[in-house]
Structures are given as C-alpha cells and as structure tokens.
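Novice: my_file-v2.txt is reproduced below (compact mmCIF, C-alpha atoms).
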# COMPACT_ATOMS: atom_id res chain seq x y z
CA MET X 7 28.41 23.16 -6.11
CA VAL X 8 25.84 21.45 -8.34
CA THR X 9 23.88 20.24 -5.33
CA HIS X 10 23.81 23.76 -3.92
CA LEU X 11 22.55 25.21 -7.21
CA LEU X 12 19.85 22.56 -7.55
CA GLN X 13 18.70 23.09 -3.99
CA GLU X 14 18.51 26.83 -4.63
CA ALA X 15 16.30 26.11 -7.65
CA LEU X 16 13.93 24.10 -5.47
CA ASP X 17 13.91 26.73 -2.76
CA ALA X 18 13.11 29.42 -5.33
CA ILE X 19 9.81 27.80 -6.31
CA ASP X 20 6.87 29.95 -5.34
CA TYR X 21 5.15 27.93 -2.57
CA ARG X 22 1.85 29.71 -3.12
CA ARG X 23 1.42 29.48 -6.89
CA GLY X 24 3.83 26.80 -8.03
CA HIS X 25 3.98 28.18 -11.58
CA ASP X 26 7.78 27.92 -11.54
CA LEU X 27 7.57 24.14 -11.31
CA ASP X 28 7.72 23.63 -15.06
CA ASP X 29 10.84 25.78 -15.43
CA VAL X 30 12.65 24.02 -12.61
CA ALA X 31 11.58 20.60 -13.93
CA VAL X 32 12.92 21.34 -17.40
CA GLY X 33 16.23 22.45 -15.92
CA LEU X 34 16.57 19.40 -13.67
CA ALA X 35 15.48 16.94 -16.38
CA GLY X 36 18.06 18.45 -18.74
CA ARG X 37 20.83 17.77 -16.24
CA CYS X 38 19.81 14.10 -16.11
CA SER X 39 21.30 13.56 -19.56
CA ASP X 40 24.71 13.75 -17.86
CA PRO X 41 25.20 10.57 -15.74
CA ARG X 42 27.25 12.48 -13.17
CA LEU X 43 24.63 15.18 -12.70
CA GLN X 44 21.82 12.62 -12.87
CA ARG X 45 22.86 11.12 -9.54
CA THR X 46 22.94 14.57 -8.00
CA VAL X 47 19.45 15.41 -9.27
CA ILE X 48 18.04 12.14 -7.94
CA GLY X 49 19.74 12.68 -4.59
CA VAL X 50 18.38 16.20 -4.21
CA LEU X 51 14.85 15.16 -5.21
CA LEU X 52 14.90 12.17 -2.88
CA GLU X 53 16.23 14.16 0.07
CA SER X 54 13.84 17.06 -0.51
CA MET X 55 10.78 14.81 -0.69
CA THR X 56 11.86 12.77 2.34
CA ILE X 57 12.33 15.92 4.40
CA ALA X 58 8.92 17.17 3.24
CA VAL X 59 7.22 13.90 4.26
CA THR X 60 8.89 13.96 7.69
CA ALA X 61 7.73 17.53 8.16
CA ALA X 62 4.20 16.50 7.19
CA TRP X 63 4.15 13.88 9.96
CA ARG X 64 5.29 16.49 12.45
CA ARG X 65 2.49 18.78 11.33
CA GLY X 66 -0.07 16.13 12.22
CA TRP X 67 -0.62 14.43 8.86
CA GLN X 68 -0.96 10.68 8.42
CA PRO X 69 -0.55 8.64 5.20
CA ALA X 70 -4.28 8.51 4.44
CA ASP X 71 -4.61 12.24 5.05
CA VAL X 72 -1.81 13.08 2.63
CA HIS X 73 -3.15 10.75 -0.04
CA ARG X 74 -6.69 12.11 0.36
CA LEU X 75 -5.47 15.63 -0.39
CA ALA X 76 -3.20 14.39 -3.17
CA GLY X 77 -6.27 12.83 -4.78
CA ARG X 78 -7.84 16.27 -4.88
CA ARG X 79 -4.81 18.18 -6.12
CA LEU X 80 -2.58 15.86 -8.18
CA ALA X 81 -2.79 13.63 -11.22
CA VAL X 82 -3.08 9.89 -10.63
CA ALA X 83 0.54 9.26 -11.64
CA ASP X 84 1.76 11.94 -9.23
CA GLN X 85 -0.32 10.44 -6.41
CA ALA X 86 1.68 7.24 -6.82
CA LEU X 87 4.88 9.24 -6.30
CA VAL X 88 3.48 10.60 -3.03
CA VAL X 89 2.83 7.02 -1.87
CA ASP X 90 6.39 6.05 -2.82
CA ALA X 91 7.81 9.00 -0.91
CA MET X 92 5.77 8.10 2.19
CA SER X 93 6.76 4.43 1.90
CA HIS X 94 10.43 5.39 1.66
CA GLU X 95 10.23 7.67 4.69
CA LEU X 96 8.38 5.15 6.88
CA ASN X 97 10.78 2.38 5.88
CA ARG X 98 13.46 4.15 7.90
CA TYR X 99 11.78 3.11 11.17
CA ALA X 100 11.29 -0.25 12.82
CA ALA X 101 7.72 -1.42 12.23
CA SER X 102 7.22 -1.80 15.98
CA THR X 103 7.76 1.95 16.40
CA ILE X 104 5.04 2.98 13.93
CA ASP X 105 1.40 3.25 14.96
CA PRO X 106 -0.41 0.22 13.46
CA HIS X 107 -3.04 2.49 11.97
CA TRP X 108 -0.35 4.14 9.83
CA LEU X 109 0.84 0.83 8.46
CA ALA X 110 -2.76 -0.18 7.76
CA GLN X 111 -3.34 3.07 5.89
CA LEU X 112 -0.21 2.57 3.81
CA SER X 113 -1.30 -0.98 3.01
CA GLU X 114 -4.72 0.25 1.86
CA LEU X 115 -2.91 2.66 -0.47
CA GLU X 116 -0.96 -0.32 -1.85
CA GLY X 117 2.16 1.33 -0.52
CA GLY X 118 5.37 -0.16 0.78
CA VAL X 119 8.87 -0.68 -0.60
CA TRP X 120 8.49 -2.39 -3.96
CA TRP X 121 11.84 -1.37 -5.43
CA PRO X 122 15.18 -3.20 -4.97
CA SER X 123 17.34 -2.07 -2.07
CA SER X 124 20.14 -1.23 -4.51
CA VAL X 125 18.21 1.67 -6.09
CA THR X 126 15.94 4.48 -5.04
CA TRP X 127 12.23 4.58 -5.82
CA ILE X 128 12.97 7.40 -8.29
CA ASP X 129 15.44 5.17 -10.16
CA ALA X 130 12.87 2.37 -10.14
CA ARG X 131 10.21 4.64 -11.62
CA ARG X 132 12.63 5.65 -14.35
CA THR X 133 13.42 2.04 -15.27
CA GLN X 134 9.69 1.44 -15.68
CA GLY X 135 9.79 3.73 -18.68
CA THR X 136 8.85 7.14 -17.29
CA ASP X 137 10.81 9.87 -19.08
CA TRP X 138 12.91 12.24 -17.01
CA LEU X 139 10.82 15.35 -17.57
CA THR X 140 7.58 13.62 -16.56
CA LEU X 141 9.23 12.01 -13.54
CA VAL X 142 10.94 15.18 -12.33
CA LEU X 143 7.81 17.27 -12.84
CA GLY X 144 5.74 14.71 -10.93
CA CYS X 145 8.23 14.69 -8.06
CA LEU X 146 8.17 18.48 -7.89
CA ALA X 147 4.37 18.56 -7.95
CA ALA X 148 4.26 16.04 -5.09
CA TRP X 149 6.94 17.93 -3.18
CA HIS X 150 5.10 21.21 -3.71
CA LEU X 151 1.94 19.69 -2.22
CA LEU X 152 3.83 18.34 0.80
CA VAL X 153 5.61 21.57 1.72
CA ARG X 154 2.34 23.54 1.65
CA LEU X 155 0.41 21.26 4.01
CA PRO X 156 -1.13 23.16 6.93
CA THR X 157 -0.71 22.07 10.54
CA LEU X 158 -3.22 19.54 11.89
CA GLU X 159 -3.85 18.04 15.30
CA GLN X 160 -1.33 15.36 16.34
CA LEU X 161 -3.64 12.35 16.83
CA THR X 162 -1.02 9.60 17.17
CA PRO X 163 2.67 9.24 18.11
CA LEU X 164 5.12 10.09 15.36
CA PRO X 165 6.93 7.28 13.51
CA GLY X 166 9.76 6.09 15.71
CA ASP X 167 7.93 7.15 18.88
CA ALA X 168 4.96 4.76 18.91
CA VAL X 169 6.65 2.42 21.40
CA GLY X 170 8.59 3.80 24.30
CA PRO X 171 8.58 2.67 27.91
CA PRO X 172 7.00 -0.67 28.88
CA GLU X 173 3.64 0.87 29.73
CA ALA X 174 3.47 2.32 26.23
CA ALA X 175 4.30 -1.04 24.71
CA SER X 176 1.42 -2.59 26.63
CA ALA X 177 -0.97 -0.34 24.72
CA ARG X 178 -0.16 -2.32 21.62
CA THR X 179 -1.36 -5.58 23.12
CA GLY X 180 -4.33 -4.30 25.08
CA ASP X 181 -2.66 -5.01 28.45
CA PRO X 182 -3.50 -2.88 31.48
CA GLY X 183 -2.22 0.66 31.13
CA GLY X 184 -2.96 0.81 27.41
CA ARG X 185 -6.04 0.90 25.25
CA PRO X 186 -7.99 -2.37 25.01
CA PRO X 187 -7.82 -4.16 21.69
CA VAL X 188 -10.62 -4.00 19.18
CA ASP X 189 -12.05 -7.47 18.60
CA GLN X 190 -11.36 -8.00 14.91
CA ARG X 191 -13.60 -11.06 14.84
CA VAL X 192 -16.58 -8.93 15.81
CA LEU X 193 -15.69 -6.27 13.29
CA SER X 194 -15.32 -8.87 10.55
CA ARG X 195 -18.84 -10.08 11.24
CA VAL X 196 -20.10 -6.49 11.26
CA ARG X 197 -18.45 -5.80 7.91
CA MET X 198 -19.98 -8.94 6.45
CA LEU X 199 -23.49 -7.98 7.58
CA LEU X 200 -23.18 -4.40 6.37
CA ALA X 201 -21.85 -5.59 3.01
CA LYS X 202 -24.92 -7.76 2.62
CA ALA X 203 -27.17 -4.84 3.59
CA GLU X 204 -25.52 -2.69 0.94
CA SER X 205 -25.71 -5.27 -1.83
CA THR X 206 -29.25 -6.55 -1.47
CA THR X 207 -32.08 -5.03 -3.53
CA PHE X 208 -34.68 -6.08 -0.96
CA GLU X 209 -35.32 -3.55 1.78
CA ALA X 210 -36.47 -6.15 4.31
CA GLU X 211 -33.19 -8.02 3.91
CA ALA X 212 -31.19 -4.81 4.25
CA GLU X 213 -33.02 -4.01 7.49
CA THR X 214 -32.30 -7.46 8.89
CA PHE X 215 -28.59 -7.33 8.04
CA THR X 216 -28.22 -3.78 9.34
CA ALA X 217 -30.05 -4.61 12.56
CA GLY X 218 -27.73 -7.56 13.15
CA ALA X 219 -24.68 -5.40 12.58
CA GLN X 220 -25.94 -2.75 15.01
CA SER X 221 -26.61 -5.33 17.68
CA LEU X 222 -23.05 -6.61 17.41
CA MET X 223 -21.57 -3.12 17.49
CA ALA X 224 -23.68 -2.11 20.47
CA ARG X 225 -22.63 -5.07 22.56
CA HIS X 226 -19.01 -4.73 21.44
CA SER X 227 -18.88 -1.09 22.55
CA ILE X 228 -20.41 -1.75 25.96
CA ASP X 229 -18.09 -4.69 26.54
CA ALA X 230 -15.06 -2.58 25.58
CA ALA X 231 -16.06 0.11 28.09
CA LEU X 232 -16.53 -2.43 30.89
CA LEU X 233 -13.23 -4.14 30.05
CA ALA X 234 -11.38 -0.82 30.15
CA ALA X 235 -12.96 -0.02 33.53
CA ASP X 236 -11.97 -3.42 34.94
CA ASP X 237 -8.38 -3.00 33.77
CA ALA X 238 -8.20 0.48 35.28
CA ALA X 239 -9.57 -0.76 38.60
CA ARG X 240 -7.19 -3.71 38.83
CA HIS X 241 -4.02 -2.15 37.56
CA ARG X 242 -4.62 1.58 37.77
CA GLY X 243 -4.25 1.77 34.04
CA THR X 244 -5.99 4.36 31.93
CA THR X 245 -7.43 4.56 28.49
CA ALA X 246 -7.83 7.75 26.56
CA PRO X 247 -9.83 8.89 23.54
CA HIS X 248 -8.23 8.85 20.12
CA GLY X 249 -8.95 10.62 16.87
CA ARG X 250 -9.65 9.29 13.41
CA ARG X 251 -10.01 11.27 10.19
CA ILE X 252 -12.80 10.06 7.91
CA SER X 253 -13.31 11.27 4.35
CA VAL X 254 -16.23 13.61 3.70
CA ASP X 255 -16.08 14.15 -0.04
CA ASN X 256 -17.93 16.20 -2.60
CA PRO X 257 -20.49 16.29 -3.97
CA TYR X 258 -22.93 17.18 -1.17
CA ASP X 259 -20.23 17.28 1.47
CA ALA X 260 -22.34 19.28 3.95
CA PRO X 261 -25.15 16.67 4.25
CA LYS X 262 -22.54 13.93 4.41
CA ALA X 263 -20.85 15.78 7.28
CA MET X 264 -24.23 15.93 9.01
CA LEU X 265 -24.58 12.17 8.64
CA LEU X 266 -21.08 11.55 10.05
CA ASP X 267 -21.85 13.84 12.98
CA ALA X 268 -25.11 11.97 13.66
CA VAL X 269 -23.36 8.59 13.66
CA ALA X 270 -20.51 9.92 15.83
CA SER X 271 -22.88 11.47 18.38
CA ALA X 272 -24.87 8.25 18.70
CA ASN X 273 -21.64 6.45 19.54
CA ARG X 274 -20.62 8.99 22.18
CA CYS X 275 -18.00 10.46 19.87
CA ARG X 276 -17.51 14.03 18.67
CA MET X 277 -16.88 15.09 15.08
CA VAL X 278 -15.02 18.18 13.86
CA TRP X 279 -15.37 18.88 10.13
CA SER X 280 -12.45 20.29 8.12
CA ARG X 281 -14.35 21.14 4.97
CA GLU X 282 -11.45 22.57 2.97
CA LEU X 283 -9.40 19.42 3.55
CA GLY X 284 -12.21 16.94 2.88
CA PHE X 285 -12.45 15.06 6.16
CA GLY X 286 -14.08 14.98 9.56
CA THR X 287 -12.03 14.17 12.66
CA VAL X 288 -13.97 11.83 14.92
CA VAL X 289 -12.81 11.77 18.55
CA GLY X 290 -13.73 8.85 20.78
CA PHE X 291 -12.59 5.52 22.16
CA GLU X 292 -11.08 2.95 19.84
CA ALA X 293 -13.99 0.50 19.65
CA ASP X 294 -16.42 3.35 19.06
CA LEU X 295 -14.30 4.85 16.29
CA GLU X 296 -14.35 1.54 14.44
CA CYS X 297 -18.14 1.42 14.72
CA VAL X 298 -18.55 5.02 13.55
CA GLU X 299 -16.46 4.48 10.43
CA LEU X 300 -18.16 1.21 9.52
CA LEU X 301 -21.70 2.49 10.05
CA PHE X 302 -21.13 5.85 8.33
CA THR X 303 -19.71 4.14 5.27
CA SER X 304 -22.57 1.65 5.10
CA LEU X 305 -25.33 4.24 5.55
CA LEU X 306 -23.73 6.45 2.92
CA VAL X 307 -23.60 3.55 0.47
CA GLN X 308 -27.24 2.73 1.13
CA ALA X 309 -28.27 6.37 0.67
CA THR X 310 -26.30 6.59 -2.57
CA HIS X 311 -28.01 3.47 -3.90
CA THR X 312 -31.41 5.03 -3.18
CA LEU X 313 -30.40 8.30 -4.82
CA THR X 314 -29.16 6.53 -7.91
CA SER X 315 -32.35 4.53 -8.29
CA ALA X 316 -34.41 7.71 -7.85
CA GLY X 317 -32.90 9.09 -11.06
CA SER X 318 -32.88 12.75 -12.12
CA ARG X 319 -35.44 15.47 -11.43
CA SER X 320 -36.67 18.50 -13.38
CA ASP X 321 -39.15 21.30 -12.69
CA GLY X 322 -42.22 22.31 -14.68
CA TYR X 323 -40.07 24.25 -17.13
CA GLY X 324 -37.78 21.31 -17.85
CA ARG X 325 -34.90 22.74 -15.83
CA SER X 326 -32.85 20.26 -13.82
CA ARG X 327 -33.38 20.21 -10.07
CA THR X 328 -31.44 17.02 -9.52
CA ARG X 329 -28.79 18.72 -7.39
CA SER X 330 -31.29 20.41 -5.07
CA PHE X 331 -33.27 17.16 -4.82
CA ARG X 332 -30.21 15.13 -3.85
CA SER X 333 -28.90 17.73 -1.41
CA SER X 334 -32.29 17.93 0.31
CA PHE X 335 -32.55 14.13 0.29
CA LEU X 336 -29.20 13.68 2.03
CA THR X 337 -29.91 16.46 4.53
CA ALA X 338 -33.20 14.84 5.52
CA TYR X 339 -31.60 11.41 5.54
CA ALA X 340 -28.88 12.59 7.95
CA SER X 341 -31.43 14.31 10.18
CA ARG X 342 -33.70 11.30 10.45
CA ILE X 343 -30.83 8.85 10.88
CA GLY X 344 -29.64 10.99 13.80
CA GLU X 345 -33.05 10.73 15.44
CA ARG X 346 -33.23 6.97 14.97
CA LEU X 347 -29.70 6.41 16.23
CA ALA X 348 -30.40 8.46 19.35
CA GLU X 349 -33.52 6.40 20.03
CA ALA X 350 -31.67 3.15 19.45
CA THR X 351 -28.77 4.19 21.66
CA ALA X 352 -31.13 5.09 24.51
CA GLY X 353 -32.78 1.68 24.26
CA GLU X 354 -29.47 -0.16 24.24
CA GLU X 355 -28.20 1.84 27.22
CA ALA X 356 -31.31 0.97 29.22
CA ALA X 357 -30.92 -2.75 28.52
CA ALA X 358 -27.19 -2.73 29.24
CA THR X 359 -27.66 -0.69 32.43
CA ALA X 360 -30.23 -3.15 33.75
CA GLU X 361 -27.93 -6.05 32.98
CA ALA X 362 -24.95 -4.35 34.60
CA SER X 363 -26.91 -3.46 37.75
CA THR X 364 -27.68 -7.11 38.40
CA ARG X 365 -23.92 -7.66 38.64
CA GLY X 366 -23.34 -4.73 40.95
CA ARG X 367 -21.94 -2.52 38.21
CA GLU X 368 -22.67 1.17 37.64
CA LEU X 369 -22.72 1.60 33.89
CA VAL X 370 -24.28 5.07 33.67
CA PRO X 371 -21.46 6.89 35.54
CA LEU X 372 -18.90 4.93 33.54
CA LEU X 373 -20.35 5.98 30.19
CA ALA X 374 -20.78 9.56 31.40
CA ALA X 375 -17.13 9.68 32.43
CA ARG X 376 -16.04 8.40 29.02
CA ALA X 377 -18.17 11.05 27.31
CA GLU X 378 -16.51 13.69 29.49
CA GLN X 379 -13.09 12.42 28.48
CA VAL X 380 -14.05 12.76 24.82
CA ASP X 381 -15.20 16.34 25.38
CA GLU X 382 -11.92 17.16 27.11
CA ALA X 383 -9.92 15.68 24.22
CA VAL X 384 -11.86 17.75 21.69
CA ASP X 385 -11.30 20.91 23.75
CA GLU X 386 -7.58 20.17 23.89
CA TRP X 387 -7.12 19.34 20.20
CA PHE X 388 -9.58 21.89 18.81
CA PRO X 389 -9.51 24.93 21.13
CA LYS X 390 -10.94 27.19 18.44
CA VAL X 391 -13.63 24.91 17.00
CA THR X 392 -16.93 26.60 16.16
CA SER X 393 -20.42 25.17 15.70
CA HIS X 394 -22.66 26.13 12.82
CA LYS X 395 -25.53 24.73 10.84
CA VAL X 396 -24.81 23.10 7.50
CA GLY X 397 -27.03 21.96 4.67
CA SER X 398 -30.15 23.53 3.24
CA VAL X 399 -33.46 22.16 2.07
CA ARG X 400 -34.76 23.53 -1.21
CA ASP X 401 -36.63 20.55 -2.53
CA ALA X 402 -39.66 19.19 -0.65
CA GLU X 403 -39.70 15.93 -2.57
CA GLY X 404 -36.04 15.37 -1.79
CA TRP X 405 -36.64 16.06 1.91
CA HIS X 406 -39.56 13.62 2.22
CA SER X 407 -37.73 11.00 0.15
CA GLY X 408 -34.68 11.30 2.40
CA ARG X 409 -36.75 10.91 5.56
CA ALA X 410 -38.46 7.87 4.09
CA ALA X 411 -35.12 6.34 3.08
CA ALA X 412 -33.80 6.89 6.60
CA ASP X 413 -36.83 5.10 8.01
CA ARG X 414 -36.25 2.22 5.61
CA ALA X 415 -32.61 2.02 6.73
CA GLN X 416 -34.04 0.22 9.78
CA LEU X 417 -31.58 0.00 12.61
CA GLY X 418 -33.38 -2.94 14.08
CA ALA X 419 -35.52 -3.77 17.06
CA GLY X 420 -33.92 -4.31 20.43
CA PRO X 421 -30.16 -3.78 20.73
CA THR X 422 -29.01 -1.61 17.87
CA ILE X 423 -26.50 1.06 17.15
CA GLY X 424 -23.46 2.30 18.78
CA ARG X 425 -23.19 1.40 22.41
As structure tokens, please, write out the structure in this file.

Specialist:
Amino acid sequence: MVTHLLQEALDAIDYRRGHDLDDVAVGLAGRCSDPRLQRTVIGVLLESMTIAVTAAWRRGWQPADVHRLAGRRLAVADQALVVDAMSHELNRYAASTIDPHWLAQLSELEGGVWWPSSVTWIDARRTQGTDWLTLVLGCLAAWHLLVRLPTLEQLTPLPGDAVGPPEAASARTGDPGGRPPVDQRVLSRVRMLLAKAESTTFEAEAETFTAGAQSLMARHSIDAALLAADDAARHRGTTAPHGRRISVDNPYDAPKAMLLDAVASANRCRMVWSRELGFGTVVGFEADLECVELLFTSLLVQATHTLTSAGSRSDGYGRSRTRSFRSSFLTAYASRIGERLAEATAGEEAAATAEASTRGRELVPLLAARAEQVDEAVDEWFPKVTSHKVGSVRDAEGWHSGRAAADRAQLGAGPTIGR
C-alpha cells in the first residue's frame, strides 16, 4: 500500500514544470524517519531512476549525452546522482555486452560502482552525510530530467545487445565482418602533439606540432580505409559509418558548430547540430571520428587561447563590443580553417592516390564509396535534417583577427589533415 502511494506521488509530478518536486520530496523525506518506510522510499526511488535510465538508453541517449544535459540543468551534487544511477543500471549487464564507447564515457565521468554490494548507491550517499531531504530532492530532480529526455538517434547497440552472433563479436576485435580497430598508438602520438601545440606560446612551435599531428591522422585514415577494403574483399565483410556526439557549448555555440562542421567535412564526415541539446552528431567511419574529435578540440583550445590573449574590446563611446568581436573572430576562424582543411585534404588525397596507383589500387572510388555510405547513414538517421547558415559578423576587427589566427594555426606542409 505504501509503495503504491509513493509511486502515485512520483507519477503525479508535473513532467513539464516540475514545481511539485519540493512537495513530493518533503513528503518522501518525512517518511524516511520511520525505518520501515525508509526502505520502501529507497526502493521506489531506486526502481524509478533505474527505469528512467533504461528508457533513456532506448531513446538513443548515451552516458555522456545524459551527463552533458545534466550539466546544463542540474546542480553539481545532483549530476553526481545521475552518474550513480547510470552506473547502477549499466552494472546489470556483462561488460562484454556494452559498447566500449559507453564504458569509456562512464569512466571519463568517474562513474562506476563505488558502493558496497550490500547497499544501494542511495544508502551509500546517505552514509556519506547527505540529509534525507537533500538526497531525496536530488534524486527527484535527476529523475525528472531523465523522464523528460527527448528521443535521439540510436547510434550504438543498447546495453546487453552489443555482442550477439559471432560476426558481431568480431567487430569488437577488428576481425573481418566488423569495423577495423582504431590504432591507439597513433592516436596517443596525435594527442601528445596536439597537447604540445596547445600549450606552447610560440606560434612556430604550435605549427610544427599541429602539422605533425595532421600528418599522422591523414595517414592513419587512409590506412584504415584500405584495411577495411582489403578485409571486405577477402572475407566479404562490411564496415559501416558510426555516429559520435561532440559537445558544442555556449558561449558562441554557432561559430563553434561551424568549426566542427568544417573539421568533419574535411574528414569526409557529416555533422548535424542539435543546438538545444548542446552537441553536434558527427557521422563517419571510426578512424575519422577519432580524428574529428581530436582536431576540433585542439583547434578550439588554440582559438580560445588567442581570444583570451586579445583581451576585451570597446567602441568609441566606451561601450563593450567584446562579445561581437569574439563571435566574429570565431566565425572567421571557422571559415578559414574550413578552407585550409579542404586544401590540405585535397593535397593528401593526391599523394595517397599516386601511391596507391603504383600498387594497382583504386583509392578514389574507394573514398567516394565511403563518402556515399556516410551520406546514406545521415539520411537514415536524420530524415528531417535541414541546412541553414549560422553565425554573423558584426565586428571587422574580430573577423580579420579570426582569419589571421586560422592562418597561424598552420596545418602543415605536405600530408596534413584528415585523410
């Protein structure tokens, strides 16, 4: 009877406004003073949040996606409860049946089961000193966020379904029939070079480090495409594009989305921006997705460093124009970076095509076929996607400064970005 009444209280919360959360929290926290009712309250909260997390997975959300939105909508303490709820839900499956990207995301969020098996994560939070009202209210706020999540595209298998028949299991190891593995040694070297480019105060050094990183990524991407083609020819296996959601945060989210789109296009990927949810979904092949995320992050860090060193701006009347300057800067930066990446990609393709032709390989049709597969995946996942221009330029100084910064973010001579 008590469980039924408590569940009715949860169901009665207004999903749209959530202003009944406080009233329900006070009522539930009051019941926790009775040890018998306390177990019931914890059970109902735990079950309700677990069901909400499971439903979020089925609606296309991944751990990083949920946490990204929680960071926008919830207090820091409540975000930790969301991570606990996700950790609890994913712990119900064998690790081998969860997409590795999900486990990596959870690890980056410092998630995982940290509480003893004899208690729930809610009990563990309580023993850490959190009072019942704060804990219950935080759980309800997290639950309220989860149940209101919209439906997204299903980019990966659901937990429990990541490994099925033998051919699906082979995808985890890069064997024929699955997607080829991403060489983590190459990516580690790329990360090291980009980190050095971001940290140095000398532009010439930054150019050298960035150029080296682009050369590695370009060769890695071409090699991955050729390896996938060889596997398909020998074993009739197939690889398919995947999707990855990358944060595009405020402030200046429109120019940042332009930059992500430029980097994605140069790597033969497509980007669909979900502005209200704070991310862009990049669709492409696995090796290319890794390169897009690494390069976008690095270029954004370098642009931010330049913006910070440029300081604030004001007009002749002393009014601040810092925001218009920075928005124009980033818009120009994204535009020029797109041009440079396109040039670099064309050069790398020419060199790789010449090399492949000497071995009797046809690289151009192969890359064209992969680009067509990406387009088909986007059409399938985003049948109603629309194209429109973003960003505006209201500050001439910001525009010219952004173009100049993009030129200084040298992508290197010879083999450079993307493919």

Novice: Do you have the atom CA of X:Ala352-atom CA of X:Thr392 distance handy?

Specialist: 27.1 Å

Novice: So which residues touch X:Pro261 within 10 Å, counting all atoms listed in the file, skipping near sequence neighbours fewer than 6 positions away, as a list of chain:residue names?

Specialist: X:Val254, X:Asp267, X:Arg332, X:Ser333, X:Ser334, X:Phe335, X:Leu336, X:Thr337, X:Ala338, X:Tyr339, X:Ala340, X:Ser341, X:Val396, X:Gly397, X:Ser398

Novice: In terms of the shortest atom-to-atom distance over only C-alpha atoms, which of X:Arg79, X:Ala168, X:Arg74, X:Val119 is closest to X:Ile104?

Specialist: X:Ala168

Novice: Kindly indicate which residue among X:Leu161, X:Cys145, X:Leu139, X:Ser113 lies nearest to X:Trp127, using all atoms listed in the file for the distances.

Specialist: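 Checking each candidate against X:Trp127, we get X:Cys145 as the closest.
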
Novice: Within 10 Å of X:Val384, counting only C-alpha atoms, which residues show up once you throw out same-chain ones fewer than 2 positions away? Write them as a PDB file with C-alpha atoms, in the frame of the given file, please.

Specialist:
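Below you can see part-v7.pdb, which holds the result:
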ATOM      1  CA  PRO X 247      -9.830   8.890  23.540  1.00  0.00           C
ATOM      2  CA  HIS X 248      -8.230   8.850  20.120  1.00  0.00           C
ATOM      3  CA  GLY X 249      -8.950  10.620  16.870  1.00  0.00           C
ATOM      4  CA  CYS X 275     -18.000  10.460  19.870  1.00  0.00           C
ATOM      5  CA  ARG X 276     -17.510  14.030  18.670  1.00  0.00           C
ATOM      6  CA  MET X 277     -16.880  15.090  15.080  1.00  0.00           C
ATOM      7  CA  VAL X 278     -15.020  18.180  13.860  1.00  0.00           C
ATOM      8  CA  THR X 287     -12.030  14.170  12.660  1.00  0.00           C
ATOM      9  CA  VAL X 288     -13.970  11.830  14.920  1.00  0.00           C
ATOM     10  CA  VAL X 289     -12.810  11.770  18.550  1.00  0.00           C
ATOM     11  CA  GLY X 290     -13.730   8.850  20.780  1.00  0.00           C
ATOM     12  CA  GLU X 378     -16.510  13.690  29.490  1.00  0.00           C
ATOM     13  CA  GLN X 379     -13.090  12.420  28.480  1.00  0.00           C
ATOM     14  CA  VAL X 380     -14.050  12.760  24.820  1.00  0.00           C
ATOM     15  CA  ASP X 381     -15.200  16.340  25.380  1.00  0.00           C
ATOM     16  CA  GLU X 382     -11.920  17.160  27.110  1.00  0.00           C
ATOM     17  CA  GLU X 386      -7.580  20.170  23.890  1.00  0.00           C
ATOM     18  CA  TRP X 387      -7.120  19.340  20.200  1.00  0.00           C
ATOM     19  CA  PHE X 388      -9.580  21.890  18.810  1.00  0.00           C
ATOM     20  CA  PRO X 389      -9.510  24.930  21.130  1.00  0.00           C
ATOM     21  CA  VAL X 391     -13.630  24.910  17.000  1.00  0.00           C
TER      22      VAL X 391
END

Novice: Any idea what the distance is between atom CA of X:Ile57 and atom CA of X:Thr157?

Specialist: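 Atom CA of X:Thr157 lies 15.7 Å from atom CA of X:Ile57.
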
Novice: For a test of reading the model, state the distance in Å between atom CA of X:Gly344 and atom CA of X:Gln160, rounded to one decimal.

Specialist: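 Computed distance, atom CA of X:Gly344 to atom CA of X:Gln160, equals 28.8 Å.
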
Novice: Here's a test: counting all atoms listed in the file, identify every protein, DNA and RNA residue with an atom at most 12 Å from (6.7, 7.3, 0.7) in the file's coordinate frame, and state them as a PyMOL selection string.

Specialist: chain X and resi 52-53+55-60+62-63+68-70+72-73+85-98+108-109+112-113+115-121+126-128+145+148-149+152

Novice: Calculated over only C-alpha atoms, which of the candidates X:Ala201, X:Ala350, X:Ala270, X:Ala357 has the smallest distance to X:Asp294?

Specialist: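 Distance minimum relative to X:Asp294 lands on X:Ala270.
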
Novice: Quick one: residues within 6 Å of (-22.0, 7.9, 12.9) (file frame), counting only C-alpha atoms, please, as a PyMOL selection string.

Specialist: chain X and resi 266-270+298+302

Novice: Point out the residue among X:Gly144, X:Pro163, X:Ala309, X:Ser330 with the least atom-to-atom distance to X:Ala203, counting all atoms listed in the file.

Specialist: X:Ala309

Novice: Emit as JSON the padded axis-aligned box for all listed atoms of stretch 148-154 of chain X, 8 Å per side, with centre and edge lengths in Å to one decimal.

Specialist:
{"center_x": 4.4, "center_y": 19.8, "center_z": -1.7, "size_x": 21.0, "size_y": 23.5, "size_z": 22.8}

Novice: Identify which of the residues X:Gln308, X:Thr303, X:Ser253, X:Ser124 lies closest to X:Thr206, counting all atoms listed in the file when measuring atom-to-atom distances.

Specialist: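 Smallest distance to X:Thr206 is found for X:Gln308.
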
Novice: Give the answer as one residue: which of X:Asp29, X:Leu306, X:Asp259, X:Gly66 has the shortest atom-to-atom distance to X:Pro156, using only C-alpha atoms?

Specialist: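 Of X:Asp29, X:Leu306, X:Asp259, X:Gly66, the one nearest X:Pro156 is X:Gly66, counting only C-alpha atoms.
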
Novice: For X:Leu199, list every protein, DNA or RNA residue within 6 Å, evaluated using all atoms listed in the file, and leave out those in the same chain fewer than 2 positions away; present the list as a PyMOL selection string.

Specialist: chain X and resi 196-197+201-202+215+219
